[in-house]
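This is entry30.cif (mmCIF, C-alpha atoms).
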data_work
loop_
_atom_site.label_atom_id
_atom_site.label_comp_id
_atom_site.auth_asym_id
_atom_site.auth_seq_id
_atom_site.Cartn_x
_atom_site.Cartn_y
_atom_site.Cartn_z
CA MET A 1 -34.19 -6.15 -62.33
CA PRO A 2 -33.47 -3.30 -59.93
CA ASN A 3 -32.73 0.01 -61.51
CA LEU A 4 -29.10 1.19 -61.39
CA GLN A 5 -30.21 4.65 -60.30
CA ASP A 6 -32.16 3.21 -57.34
CA ILE A 7 -29.19 1.22 -56.05
CA ARG A 8 -26.93 4.27 -56.30
CA ARG A 9 -29.43 6.24 -54.27
CA ARG A 10 -29.54 3.56 -51.57
CA VAL A 11 -25.74 3.41 -51.35
CA ARG A 12 -25.65 7.14 -50.91
CA SER A 13 -28.25 7.08 -48.14
CA VAL A 14 -26.46 4.30 -46.26
CA LYS A 15 -23.19 6.23 -46.57
CA ASN A 16 -24.84 9.24 -45.01
CA LEU A 17 -26.12 7.05 -42.19
CA GLN A 18 -22.67 5.67 -41.64
CA LYS A 19 -21.27 9.18 -41.40
CA ILE A 20 -23.71 9.91 -38.59
CA THR A 21 -23.04 6.71 -36.65
CA LYS A 22 -19.29 7.27 -36.99
CA ALA A 23 -19.62 10.80 -35.68
CA MET A 24 -21.75 9.58 -32.77
CA LYS A 25 -19.14 7.00 -31.97
CA MET A 26 -16.43 9.64 -31.83
CA VAL A 27 -18.56 11.86 -29.60
CA SER A 28 -19.26 8.98 -27.22
CA ALA A 29 -15.60 8.05 -27.11
CA ALA A 30 -14.66 11.59 -26.10
CA LYS A 31 -17.43 11.77 -23.52
CA LEU A 32 -16.51 8.35 -22.18
CA ARG A 33 -12.98 9.48 -21.48
CA ARG A 34 -14.26 12.42 -19.47
CA ALA A 35 -16.81 10.28 -17.62
CA GLN A 36 -14.12 7.77 -16.70
CA GLU A 37 -11.93 10.53 -15.35
CA ARG A 38 -14.78 11.72 -13.19
CA VAL A 39 -15.30 8.25 -11.76
CA THR A 40 -11.60 8.03 -10.96
CA SER A 41 -11.46 11.45 -9.35
CA ALA A 42 -14.50 10.68 -7.19
CA ARG A 43 -12.79 7.60 -5.80
CA PRO A 44 -10.47 9.16 -3.16
CA TYR A 45 -13.41 10.77 -1.39
CA ALA A 46 -15.40 7.56 -1.28
CA GLN A 47 -12.42 5.57 -0.05
CA THR A 48 -11.47 7.98 2.69
CA MET A 49 -15.06 8.11 3.81
CA MET A 50 -15.26 4.32 4.01
CA ARG A 51 -12.12 4.23 6.08
CA MET A 52 -13.42 6.81 8.53
CA LEU A 53 -16.79 5.10 8.74
CA GLY A 54 -15.15 1.77 9.41
CA ARG A 55 -13.16 3.08 12.34
CA LEU A 56 -16.05 5.09 13.70
CA ALA A 57 -18.43 2.16 13.51
CA ALA A 58 -15.99 0.06 15.50
CA ARG A 59 -15.64 2.85 18.04
CA ALA A 60 -19.23 4.00 18.37
CA GLY A 61 -20.33 0.53 19.42
CA ASP A 62 -24.05 -0.11 19.43
CA TYR A 63 -24.81 3.35 18.20
CA GLN A 64 -28.34 3.79 16.90
CA HIS A 65 -29.15 5.80 13.84
CA PRO A 66 -32.36 5.84 11.80
CA LEU A 67 -30.41 4.99 8.65
CA LEU A 68 -28.86 1.91 10.25
CA GLU A 69 -32.06 0.63 11.75
CA VAL A 70 -33.24 -2.66 10.26
CA ARG A 71 -37.00 -2.98 10.11
CA ASP A 72 -38.91 -5.86 11.66
CA SER A 73 -41.09 -6.28 8.61
CA ASP A 74 -39.79 -6.88 5.11
CA GLN A 75 -42.66 -5.85 2.91
CA HIS A 76 -42.20 -2.52 1.27
CA TYR A 77 -39.31 -1.90 -1.11
CA VAL A 78 -38.29 1.25 -2.90
CA ILE A 79 -36.15 0.95 -6.00
CA ALA A 80 -34.10 3.77 -7.49
CA LEU A 81 -33.46 2.86 -11.10
CA VAL A 82 -30.72 4.70 -12.95
CA THR A 83 -31.23 4.55 -16.72
CA SER A 84 -30.25 6.96 -19.46
CA ASP A 85 -32.32 9.59 -21.19
CA LYS A 86 -31.57 8.56 -24.74
CA GLY A 87 -31.40 5.27 -26.53
CA LEU A 88 -29.01 4.25 -29.31
CA ALA A 89 -26.91 2.50 -26.73
CA GLY A 90 -27.52 -1.15 -27.50
CA ALA A 91 -28.92 -3.17 -24.63
CA PHE A 92 -27.95 -0.60 -21.99
CA ASN A 93 -31.45 0.27 -20.83
CA THR A 94 -33.02 -3.06 -21.74
CA ASN A 95 -30.66 -4.88 -19.41
CA LEU A 96 -31.47 -2.52 -16.56
CA ILE A 97 -35.20 -2.76 -17.05
CA LYS A 98 -35.02 -6.53 -17.34
CA ALA A 99 -32.96 -6.78 -14.15
CA ALA A 100 -35.46 -4.59 -12.32
CA GLN A 101 -38.36 -6.69 -13.57
CA THR A 102 -36.69 -9.94 -12.60
CA PHE A 103 -35.92 -8.53 -9.18
CA MET A 104 -39.55 -7.55 -8.71
CA ARG A 105 -40.78 -10.92 -9.92
CA GLU A 106 -38.49 -12.75 -7.52
CA ASN A 107 -39.90 -10.66 -4.68
CA SER A 108 -43.46 -10.64 -5.93
CA ASP A 109 -44.85 -10.80 -2.38
CA LYS A 110 -43.48 -7.34 -1.61
CA THR A 111 -44.88 -3.94 -2.40
CA PHE A 112 -42.73 -1.90 -4.73
CA GLU A 113 -42.35 1.76 -5.32
CA MET A 114 -39.94 3.26 -7.75
CA VAL A 115 -37.89 6.40 -8.17
CA THR A 116 -36.72 6.62 -11.74
CA ILE A 117 -33.62 8.47 -12.73
CA GLY A 118 -33.45 8.86 -16.49
CA ARG A 119 -36.16 9.07 -19.10
CA LYS A 120 -36.02 5.49 -20.38
CA GLY A 121 -36.80 3.84 -17.06
CA ARG A 122 -39.59 6.31 -16.43
CA ASP A 123 -41.21 5.67 -19.79
CA PHE A 124 -41.20 1.94 -19.22
CA PHE A 125 -42.32 1.77 -15.61
CA ARG A 126 -44.75 4.68 -15.61
CA ARG A 127 -47.70 2.46 -16.43
CA ARG A 128 -46.49 -0.69 -14.73
CA THR A 129 -45.38 0.31 -11.24
CA GLU A 130 -45.94 2.96 -8.70
CA VAL A 131 -43.42 5.62 -9.67
CA ILE A 132 -43.19 8.02 -6.75
CA ASN A 133 -40.72 10.41 -8.26
CA GLU A 134 -38.80 10.85 -11.44
CA TYR A 135 -35.61 12.62 -12.34
CA THR A 136 -34.48 13.22 -15.88
CA ASP A 137 -31.39 14.68 -17.48
CA VAL A 138 -28.94 12.40 -15.69
CA PRO A 139 -25.69 14.04 -16.89
CA LYS A 140 -26.84 17.38 -15.50
CA LEU A 141 -27.79 15.82 -12.16
CA ALA A 142 -24.31 14.41 -11.80
CA VAL A 143 -22.43 17.60 -12.70
CA THR A 144 -22.05 18.30 -9.02
CA HIS A 145 -22.55 16.25 -5.94
CA ALA A 146 -25.60 18.39 -5.08
CA GLY A 147 -27.82 16.76 -7.72
CA ALA A 148 -27.14 13.29 -6.38
CA ALA A 149 -27.52 14.55 -2.83
CA GLU A 150 -31.02 15.73 -3.65
CA ILE A 151 -32.04 12.25 -4.78
CA ALA A 152 -30.35 10.68 -1.78
CA HIS A 153 -32.18 13.03 0.57
CA GLU A 154 -35.49 12.16 -0.92
CA LEU A 155 -34.81 8.45 -0.46
CA MET A 156 -33.59 8.94 3.09
CA GLU A 157 -36.60 11.06 4.02
CA LYS A 158 -38.86 8.43 2.56
CA TYR A 159 -37.14 5.83 4.70
CA THR A 160 -36.91 7.70 7.96
CA ALA A 161 -40.25 9.52 7.87
CA GLU A 162 -42.31 8.98 10.99
CA ASP A 163 -45.10 7.08 9.27
CA SER A 164 -42.77 5.38 6.81
CA THR A 165 -43.55 1.81 5.85
CA VAL A 166 -40.48 1.46 3.65
CA ASP A 167 -38.37 -1.49 4.75
CA ARG A 168 -35.56 -1.36 2.26
CA VAL A 169 -34.25 0.89 -0.46
CA PHE A 170 -32.32 -0.44 -3.45
CA ILE A 171 -30.48 1.21 -6.26
CA ILE A 172 -30.13 -0.42 -9.65
CA TYR A 173 -27.57 0.88 -12.12
CA ASN A 174 -25.02 -0.16 -14.70
CA GLU A 175 -21.52 -0.50 -13.38
CA PHE A 176 -18.67 0.32 -15.70
CA LYS A 177 -16.51 -2.80 -16.07
CA SER A 178 -14.83 -2.04 -19.35
CA VAL A 179 -15.71 -0.39 -22.64
CA LEU A 180 -17.17 -3.67 -23.85
CA SER A 181 -18.98 -4.79 -20.74
CA GLN A 182 -21.29 -3.10 -18.33
CA GLN A 183 -22.78 -4.95 -15.44
CA VAL A 184 -26.13 -4.37 -13.84
CA VAL A 185 -25.75 -3.89 -10.11
CA ILE A 186 -28.52 -4.14 -7.54
CA LYS A 187 -27.32 -2.61 -4.32
CA GLN A 188 -29.09 -2.12 -1.03
CA LEU A 189 -28.89 1.53 -0.12
CA LEU A 190 -30.92 1.55 3.08
CA PRO A 191 -30.75 0.46 5.80
CA ILE A 192 -26.99 0.92 5.64
CA SER A 193 -25.44 -2.41 6.44
CA ALA A 194 -22.74 -1.87 9.00
CA GLU A 195 -20.82 -4.90 7.66
CA ALA A 196 -20.09 -3.08 4.42
CA PHE A 197 -17.60 -0.73 5.98
CA ALA A 198 -16.87 -2.72 9.14
CA SER A 199 -14.54 -4.92 7.12
CA GLU A 200 -12.90 -1.78 5.77
CA GLY A 201 -12.39 -0.63 9.34
CA ASP A 202 -10.83 -3.91 10.41
CA LYS A 203 -8.25 -3.54 7.70
CA ALA A 204 -7.39 -0.05 8.84
CA GLU A 205 -7.31 -1.16 12.48
CA THR A 206 -4.70 -3.82 11.90
CA GLU A 207 -2.53 -1.40 9.99
CA ASP A 208 -2.12 0.89 12.95
CA GLN A 209 -3.63 0.33 16.33
CA ILE A 210 -3.89 3.96 17.39
CA ASP A 211 -7.39 5.25 17.80
CA TYR A 212 -8.49 8.73 16.89
CA ILE A 213 -9.20 11.61 19.15
CA TYR A 214 -12.64 12.83 18.25
CA GLU A 215 -13.18 16.56 18.44
CA GLN A 216 -16.89 15.94 18.53
CA PRO A 217 -18.43 12.81 20.08
CA ALA A 218 -17.94 9.79 17.80
CA ALA A 219 -21.68 9.30 17.57
CA GLU A 220 -22.20 12.84 16.37
CA ILE A 221 -19.59 12.51 13.68
CA LEU A 222 -21.06 9.19 12.61
CA GLY A 223 -24.47 10.80 12.49
CA THR A 224 -23.30 13.39 9.99
CA LEU A 225 -21.19 10.92 8.05
CA LEU A 226 -23.94 8.39 7.41
CA PRO A 227 -26.24 10.57 5.28
CA ARG A 228 -23.19 11.71 3.38
CA TYR A 229 -22.28 8.10 2.79
CA VAL A 230 -25.67 7.52 1.15
CA GLU A 231 -25.23 10.66 -0.96
CA THR A 232 -21.84 9.46 -2.10
CA GLN A 233 -23.23 6.06 -3.02
CA VAL A 234 -25.91 7.66 -5.18
CA PHE A 235 -23.43 10.06 -6.74
CA TYR A 236 -21.08 7.23 -7.52
CA ALA A 237 -23.88 5.20 -9.07
CA LEU A 238 -24.75 8.13 -11.33
CA LEU A 239 -21.14 8.56 -12.44
CA GLU A 240 -20.76 4.84 -13.11
CA SER A 241 -24.00 4.83 -15.03
CA ILE A 242 -22.94 7.76 -17.20
CA ALA A 243 -19.62 6.15 -18.03
CA SER A 244 -21.37 2.87 -18.86
CA ASN A 245 -23.87 4.68 -21.01
CA HIS A 246 -21.19 6.32 -23.12
CA ALA A 247 -19.34 3.03 -23.42
CA ALA A 248 -22.50 1.20 -24.52
CA GLN A 249 -23.31 3.96 -26.97
CA MET A 250 -19.83 3.82 -28.40
CA THR A 251 -19.96 0.05 -28.92
CA ALA A 252 -23.44 0.25 -30.41
CA MET A 253 -22.42 2.99 -32.84
CA ASP A 254 -19.26 1.14 -33.75
CA SER A 255 -21.17 -1.97 -34.75
CA ALA A 256 -23.75 0.18 -36.54
CA SER A 257 -20.95 1.74 -38.61
CA LYS A 258 -19.60 -1.72 -39.37
CA ASN A 259 -23.02 -2.98 -40.41
CA ALA A 260 -23.49 0.06 -42.63
CA GLY A 261 -20.15 -0.79 -44.24
CA ASP A 262 -21.35 -4.34 -44.96
CA VAL A 263 -24.57 -3.05 -46.50
CA ILE A 264 -22.61 -0.63 -48.67
CA ASP A 265 -20.33 -3.44 -49.86
CA SER A 266 -23.15 -5.77 -50.83
CA LEU A 267 -25.08 -2.95 -52.50
CA THR A 268 -22.00 -1.93 -54.48
CA LEU A 269 -21.47 -5.51 -55.61
CA ASN A 270 -25.09 -5.69 -56.67
CA MET A 271 -24.80 -2.38 -58.46
CA ASN A 272 -21.74 -3.51 -60.42
CA ARG A 273 -23.49 -6.73 -61.44
CA VAL A 274 -26.45 -4.79 -62.73
CA ARG A 275 -24.19 -2.40 -64.59
CA GLN A 276 -22.23 -5.26 -66.17
CA ALA A 277 -25.40 -7.06 -67.14
CA SER A 278 -26.70 -4.02 -68.92
CA ILE A 279 -23.38 -3.51 -70.76
CA THR A 280 -23.37 -7.15 -71.87
CA ARG A 281 -26.92 -6.79 -73.06
CA GLU A 282 -26.09 -3.70 -75.08
CA ILE A 283 -23.10 -5.42 -76.74
CA ILE A 284 -25.27 -8.38 -77.65
CA GLU A 285 -27.80 -6.01 -79.15
CA VAL A 286 -25.12 -4.20 -81.20
CA VAL A 287 -23.50 -7.44 -82.37
CA SER A 288 -26.73 -9.12 -83.31
CA GLY A 289 -27.89 -5.95 -85.08
CA ALA A 290 -24.70 -5.87 -87.12
CA GLN A 291 -25.06 -9.54 -87.96
CA ALA A 292 -28.62 -9.01 -89.12
CA LEU A 293 -27.44 -6.22 -91.48
CA ASN A 294 -24.56 -8.34 -92.86
CA GLY A 295 -26.70 -11.40 -93.26
CA MET B 1 6.63 17.56 6.22
CA ILE B 2 3.06 16.39 6.38
CA HIS B 3 1.01 15.15 3.49
CA LEU B 4 -2.09 17.26 2.87
CA GLU B 5 -4.93 16.04 0.73
CA VAL B 6 -8.14 17.96 0.07
CA VAL B 7 -10.90 16.00 -1.65
CA THR B 8 -14.50 16.83 -2.53
CA PRO B 9 -17.06 14.31 -3.77
CA GLU B 10 -16.27 15.37 -7.32
CA ARG B 11 -12.50 15.57 -7.38
CA LYS B 12 -9.22 15.80 -5.62
CA VAL B 13 -8.68 19.52 -5.19
CA PHE B 14 -5.23 19.63 -3.69
CA GLU B 15 -2.43 17.29 -2.73
CA ALA B 16 1.05 18.22 -1.57
CA ASP B 17 3.60 17.84 1.20
CA VAL B 18 3.33 20.88 3.45
CA ASP B 19 5.10 22.13 6.57
CA SER B 20 1.97 22.99 8.47
CA VAL B 21 -1.71 23.46 7.92
CA GLU B 22 -4.54 25.29 9.67
CA VAL B 23 -7.96 23.72 9.29
CA PRO B 24 -11.26 25.39 10.27
CA GLY B 25 -12.59 22.74 12.64
CA PHE B 26 -16.20 22.85 13.79
CA ASP B 27 -15.25 23.78 17.34
CA GLY B 28 -12.30 25.97 16.46
CA GLU B 29 -9.23 26.40 14.31
CA LEU B 30 -6.89 23.40 14.26
CA GLY B 31 -3.20 24.04 13.71
CA ILE B 32 -1.58 20.86 12.48
CA LEU B 33 2.15 20.16 12.35
CA PRO B 34 3.89 16.93 11.41
CA GLY B 35 3.55 14.31 14.13
CA HIS B 36 0.12 15.48 15.19
CA THR B 37 -1.88 12.88 17.04
CA GLU B 38 -4.65 11.01 15.24
CA LEU B 39 -7.78 13.10 15.19
CA VAL B 40 -11.10 13.39 13.46
CA SER B 41 -13.24 16.51 13.43
CA LYS B 42 -16.13 18.01 11.59
CA LEU B 43 -15.47 21.14 9.55
CA LYS B 44 -17.06 24.55 9.80
CA PRO B 45 -19.87 25.25 7.33
CA ALA B 46 -17.52 27.81 5.80
CA GLY B 47 -13.89 28.42 6.58
CA LEU B 48 -10.45 29.17 5.33
CA LEU B 49 -7.81 26.45 5.17
CA THR B 50 -4.23 27.71 5.19
CA TYR B 51 -1.13 25.70 4.46
CA HIS B 52 2.55 26.62 4.51
CA ILE B 53 5.35 25.22 2.41
CA GLY B 54 8.54 26.98 3.46
CA ASP B 55 7.79 30.68 3.15
CA GLU B 56 5.02 30.03 0.74
CA LYS B 57 1.48 30.25 1.99
CA GLY B 58 -1.60 28.89 0.30
CA GLU B 59 -5.26 29.29 1.10
CA MET B 60 -8.54 27.79 0.06
CA VAL B 61 -12.16 28.13 1.07
CA ILE B 62 -13.63 24.88 2.30
CA SER B 63 -17.06 24.16 3.62
CA ASP B 64 -18.80 21.33 5.45
CA GLY B 65 -17.23 17.98 5.86
CA PHE B 66 -14.55 16.28 7.91
CA VAL B 67 -10.87 16.27 8.55
CA GLU B 68 -8.85 13.20 9.39
CA VAL B 69 -5.40 13.68 10.87
CA SER B 70 -2.64 11.16 11.39
CA PRO B 71 1.03 11.87 12.20
CA LYS B 72 1.97 11.91 8.52
CA ARG B 73 -1.25 12.77 6.75
CA VAL B 74 -4.07 15.28 6.79
CA THR B 75 -7.10 14.35 4.76
CA VAL B 76 -9.84 16.92 4.33
CA LEU B 77 -13.20 15.69 3.09
CA ALA B 78 -15.09 18.84 2.17
CA ASP B 79 -18.39 19.31 0.40
CA ARG B 80 -16.87 22.21 -1.47
CA ALA B 81 -13.33 23.43 -1.78
CA ASN B 82 -12.15 26.34 -3.87
CA ARG B 83 -8.59 27.42 -4.45
CA PRO B 84 -7.90 31.01 -5.49
CA GLU B 85 -7.28 29.91 -9.07
CA ASP B 86 -10.74 28.30 -9.18
CA LEU B 87 -12.36 31.59 -8.29
CA ASP B 88 -13.28 34.46 -10.50
CA LEU B 89 -13.58 37.87 -8.87
CA THR B 90 -16.61 39.07 -10.81
CA SER B 91 -18.68 35.97 -10.19
CA ALA B 92 -17.46 35.76 -6.58
CA LEU B 93 -18.64 39.34 -5.98
CA ALA B 94 -21.94 38.61 -7.65
CA LYS B 95 -22.40 35.61 -5.41
CA LYS B 96 -21.53 37.68 -2.40
CA ALA B 97 -24.17 40.28 -3.28
CA GLU B 98 -26.69 37.53 -3.77
CA ALA B 99 -25.86 35.95 -0.42
CA GLU B 100 -26.22 39.33 1.30
CA LYS B 101 -29.62 39.80 -0.26
CA LEU B 102 -30.66 36.34 0.87
CA TYR B 103 -29.42 37.13 4.36
CA GLN B 104 -31.55 40.28 4.51
CA LYS B 105 -34.51 38.27 3.39
CA ALA B 106 -33.86 35.51 5.91
CA MET B 107 -34.03 38.08 8.73
CA SER B 108 -37.74 38.50 8.14
CA ASP B 109 -38.63 35.24 6.45
CA SER B 110 -38.76 32.31 8.85
CA GLU B 111 -39.11 29.88 5.93
CA LEU B 112 -35.38 30.10 5.27
CA ASP B 113 -32.88 28.31 7.44
CA ILE B 114 -30.93 31.16 8.99
CA LYS B 115 -27.93 28.98 9.83
CA GLU B 116 -27.62 27.81 6.28
CA VAL B 117 -28.01 31.31 4.90
CA MET B 118 -25.34 32.63 7.23
CA ALA B 119 -22.97 29.84 6.23
CA GLY B 120 -23.64 30.72 2.60
CA LEU B 121 -22.86 34.37 3.32
CA ASP B 122 -19.65 33.44 5.15
CA ARG B 123 -18.58 31.29 2.27
CA ALA B 124 -19.36 33.98 -0.29
CA ASN B 125 -17.44 36.56 1.75
CA LEU B 126 -14.39 34.32 2.05
CA GLU B 127 -14.43 33.43 -1.60
CA ALA B 128 -14.73 37.05 -2.66
CA GLN B 129 -11.87 37.97 -0.35
CA LEU B 130 -9.70 35.17 -1.65
CA ALA B 131 -10.43 36.11 -5.24
CA GLU B 132 -9.63 39.73 -4.44
CA ASN B 133 -6.26 38.83 -2.90
CA ASN B 134 -5.41 36.65 -5.83
CA LYS B 135 -6.07 39.35 -8.39
#
Here is a file; write its structure as structure tokens.
Amino acid sequence: MPNLQDIRRRVRSVKNLQKITKAMKMVSAAKLRRAQERVTSARPYAQTMMRMLGRLAARAGDYQHPLLEVRDSDQHYVIALVTSDKGLAGAFNTNLIKAAQTFMRENSDKTFEMVTIGRKGRDFFRRRTEVINEYTDVPKLAVTHAGAAEIAHELMEKYTAEDSTVDRVFIIYNEFKSVLSQQVVIKQLLPISAEAFASEGDKAETEDQIDYIYEQPAAEILGTLLPRYVETQVFYALLESIASNHAAQMTAMDSASKNAGDVIDSLTLNMNRVRQASITREIIEVVSGAQALNG
Amino acid sequence: MIHLEVVTPERKVFEADVDSVEVPGFDGELGILPGHTELVSKLKPAGLLTYHIGDEKGEMVISDGFVEVSPKRVTVLADRANRPEDLDLTSALAKKAEAEKLYQKAMSDSELDIKEVMAGLDRANLEAQLAENNK
């Protein structure tokens, strides 16, 4: 029979654990709120940019830009994988890594290179794939737009370099759907597909038919807008990923606290049984002792 | 009235209905009043945006990006935008000193991009000035 003292000790240790998971949940909840706000406040910029790009693309006609150029071959892919630095977030990183692996398996005839953003993805893929660069400390990277821009510039340089063999660049990250669900997104970053914002431009065009006056030639403006568009996409992915991460962490810690509660309940029940059993035994001993004396 | 919106990649910095606005366009200052024709322009690497609401006048330092004008709206997409209340005089002056040092260095060091350094200096100067006025 388990010792009463031992069970008490276990209950105490699980209670301490629960305190920690509860605290972590609260922290994640607070951080999630802030992360969500940041996603929302980054939206106007992205939307305005899409609108301008849409109109410009319609206007600039068959304008050529290295970032728009589709390659003849389709052999060499670069993946930017956005994971988190720390675990304790349920299936957050597992889902991402799995999605990346599936994607690579489906395109097993291509050559892959990877840029990892976040420690978890790096640790997993370091020995399995060609990791050309790694970034860690995701929250810090996304404090300002500059951090994301740095990553975007590296990817763009890789793509547009003179001797570049890169045919496409993808970004894989978790999109924030709701607190309970995050969705893995695989998005093509480069070459920029003109259709993406062309539809946006059509919408704007039907709203009002007037065309802009361009202070600088349309092509020149488009040329400066396009790299910025890529930067914004990366920045947005980072923000989404951070929000998702906090959400996943919060859910994971919530269920951990619940599980700890269940363990405490069953241990307490067990403890009371043991205590009762020992009391019953003592009474029997006293009663039978008394009977033996009387007899 | 014309609706002015200043956004950076991180946040919406400013939004209000204003009487007029002056934007530092890449090829020169743009004065925009309600009913302005549709226009798109790049922004200066560092410049001062001024808006007027009645007799009130507001300023902010904006750098790099684009402005989109329609008869009722002005949307400024800037890489950075700082309103006077975002700026702190001490740190603005420190930044200014740093930018000046970098500028001196860039004169002799061809490694540094002189255009970028000068834009940085302009920005630091404007920010320091704006912080000073706000004090």
So how far away is CA of Glu116 in chain B from CA of Lys96 in chain B, in Å?
14.5 Å
Which residues of chain A are close to chain B, meaning at most 8 Å apart when you count all atoms listed in the file, and how do they look as a PyMOL selection string?
chain A and resi 38+41-42+44-46+48-49+52+144-145+210-216+221+232
Taking the file as shown, find all residues satisfying the PyMOL selection byres ((chain A and resi 167) around 12) and write them as a PDB file with C-alpha atoms, keeping the file's coordinate frame.
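Output saved as expr_0.pdb:
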ATOM      1  CA  PRO A  66     -32.360   5.840  11.800  1.00  0.00           C
ATOM      2  CA  LEU A  67     -30.410   4.990   8.650  1.00  0.00           C
ATOM      3  CA  LEU A  68     -28.860   1.910  10.250  1.00  0.00           C
ATOM      4  CA  GLU A  69     -32.060   0.630  11.750  1.00  0.00           C
ATOM      5  CA  VAL A  70     -33.240  -2.660  10.260  1.00  0.00           C
ATOM      6  CA  ARG A  71     -37.000  -2.980  10.110  1.00  0.00           C
ATOM      7  CA  ASP A  72     -38.910  -5.860  11.660  1.00  0.00           C
ATOM      8  CA  SER A  73     -41.090  -6.280   8.610  1.00  0.00           C
ATOM      9  CA  ASP A  74     -39.790  -6.880   5.110  1.00  0.00           C
ATOM     10  CA  GLN A  75     -42.660  -5.850   2.910  1.00  0.00           C
ATOM     11  CA  HIS A  76     -42.200  -2.520   1.270  1.00  0.00           C
ATOM     12  CA  TYR A  77     -39.310  -1.900  -1.110  1.00  0.00           C
ATOM     13  CA  VAL A  78     -38.290   1.250  -2.900  1.00  0.00           C
ATOM     14  CA  ILE A  79     -36.150   0.950  -6.000  1.00  0.00           C
ATOM     15  CA  LYS A 110     -43.480  -7.340  -1.610  1.00  0.00           C
ATOM     16  CA  THR A 111     -44.880  -3.940  -2.400  1.00  0.00           C
ATOM     17  CA  PHE A 112     -42.730  -1.900  -4.730  1.00  0.00           C
ATOM     18  CA  GLU A 113     -42.350   1.760  -5.320  1.00  0.00           C
ATOM     19  CA  LEU A 155     -34.810   8.450  -0.460  1.00  0.00           C
ATOM     20  CA  MET A 156     -33.590   8.940   3.090  1.00  0.00           C
ATOM     21  CA  LYS A 158     -38.860   8.430   2.560  1.00  0.00           C
ATOM     22  CA  TYR A 159     -37.140   5.830   4.700  1.00  0.00           C
ATOM     23  CA  THR A 160     -36.910   7.700   7.960  1.00  0.00           C
ATOM     24  CA  ALA A 161     -40.250   9.520   7.870  1.00  0.00           C
ATOM     25  CA  ASP A 163     -45.100   7.080   9.270  1.00  0.00           C
ATOM     26  CA  SER A 164     -42.770   5.380   6.810  1.00  0.00           C
ATOM     27  CA  THR A 165     -43.550   1.810   5.850  1.00  0.00           C
ATOM     28  CA  VAL A 166     -40.480   1.460   3.650  1.00  0.00           C
ATOM     29  CA  ARG A 168     -35.560  -1.360   2.260  1.00  0.00           C
ATOM     30  CA  VAL A 169     -34.250   0.890  -0.460  1.00  0.00           C
ATOM     31  CA  PHE A 170     -32.320  -0.440  -3.450  1.00  0.00           C
ATOM     32  CA  GLN A 188     -29.090  -2.120  -1.030  1.00  0.00           C
ATOM     33  CA  LEU A 189     -28.890   1.530  -0.120  1.00  0.00           C
ATOM     34  CA  LEU A 190     -30.920   1.550   3.080  1.00  0.00           C
ATOM     35  CA  PRO A 191     -30.750   0.460   5.800  1.00  0.00           C
ATOM     36  CA  ILE A 192     -26.990   0.920   5.640  1.00  0.00           C
TER      37      ILE A 192
END
Residues picked by the PyMOL selection byres ((chain B and resi 53-63) around 7) here, as a compact mmCIF listing (two decimals) with C-alpha atoms, keeping the file's coordinate frame?
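Written output follows (selection_4.txt):
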# COMPACT_ATOMS: atom_id res chain seq x y z
CA VAL B 18 3.33 20.88 3.45
CA ASP B 19 5.10 22.13 6.57
CA LEU B 43 -15.47 21.14 9.55
CA LYS B 44 -17.06 24.55 9.80
CA PRO B 45 -19.87 25.25 7.33
CA ALA B 46 -17.52 27.81 5.80
CA GLY B 47 -13.89 28.42 6.58
CA LEU B 48 -10.45 29.17 5.33
CA LEU B 49 -7.81 26.45 5.17
CA THR B 50 -4.23 27.71 5.19
CA TYR B 51 -1.13 25.70 4.46
CA HIS B 52 2.55 26.62 4.51
CA ASP B 64 -18.80 21.33 5.45
CA GLY B 65 -17.23 17.98 5.86
CA ALA B 78 -15.09 18.84 2.17
CA ASP B 79 -18.39 19.31 0.40
CA ARG B 80 -16.87 22.21 -1.47
CA ALA B 81 -13.33 23.43 -1.78
CA ASN B 82 -12.15 26.34 -3.87
CA ARG B 83 -8.59 27.42 -4.45
CA PRO B 84 -7.90 31.01 -5.49
CA LEU B 126 -14.39 34.32 2.05
CA GLU B 127 -14.43 33.43 -1.60
Excluding same-chain residues fewer than 6 positions from range 264-272 of chain A, what lies within 9 Å of it counting only C-alpha atoms, as a ChimeraX atom specification?
/A:2-4,7-8,10-12,14-15
Evaluate the PyMOL selection byres ((chain A and resi 89-92) around 6) against this structure - the residues, as a tab-separated table (two decimals) with C-alpha atoms, in the coordinates of the input, please.
chain	number	residue	atom	x	y	z
A	87	GLY	CA	-31.40	5.27	-26.53
A	88	LEU	CA	-29.01	4.25	-29.31
A	93	ASN	CA	-31.45	0.27	-20.83
A	94	THR	CA	-33.02	-3.06	-21.74
A	95	ASN	CA	-30.66	-4.88	-19.41
A	248	ALA	CA	-22.50	1.20	-24.52
A	249	GLN	CA	-23.31	3.96	-26.97
A	252	ALA	CA	-23.44	0.25	-30.41
Leaving out range 99-102 of chain B and any residue of its chain fewer than 6 positions from it, which residues lie within 9 Å of it when counting all atoms listed in the file, given as a ChimeraX atom specification?
/B:112,117-118,120-122,124-125
Between CA of Ile2 in chain B and CA of Ala16 in chain B - distance in Å to one decimal
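CA of Ile2 in chain B lies 8.4 Å from CA of Ala16 in chain B.
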Would you compute the distance between CA of His36 in chain B and CA of Pro71 in chain B? Give it in Å to one decimal.
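Computing it gives 4.8 Å between the two atoms.
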Enclose range 117-135 of chain B, meaning all of its atoms listed in the file, in a box aligned along x, y and z, pad it by 8 Å on each side, and list the centre and edge lengths in Å to one decimal, as AutoDock Vina command-line options.
--center_x -16.7 --center_y 34.8 --center_z -0.6 --size_x 38.6 --size_y 25.9 --size_z 31.6
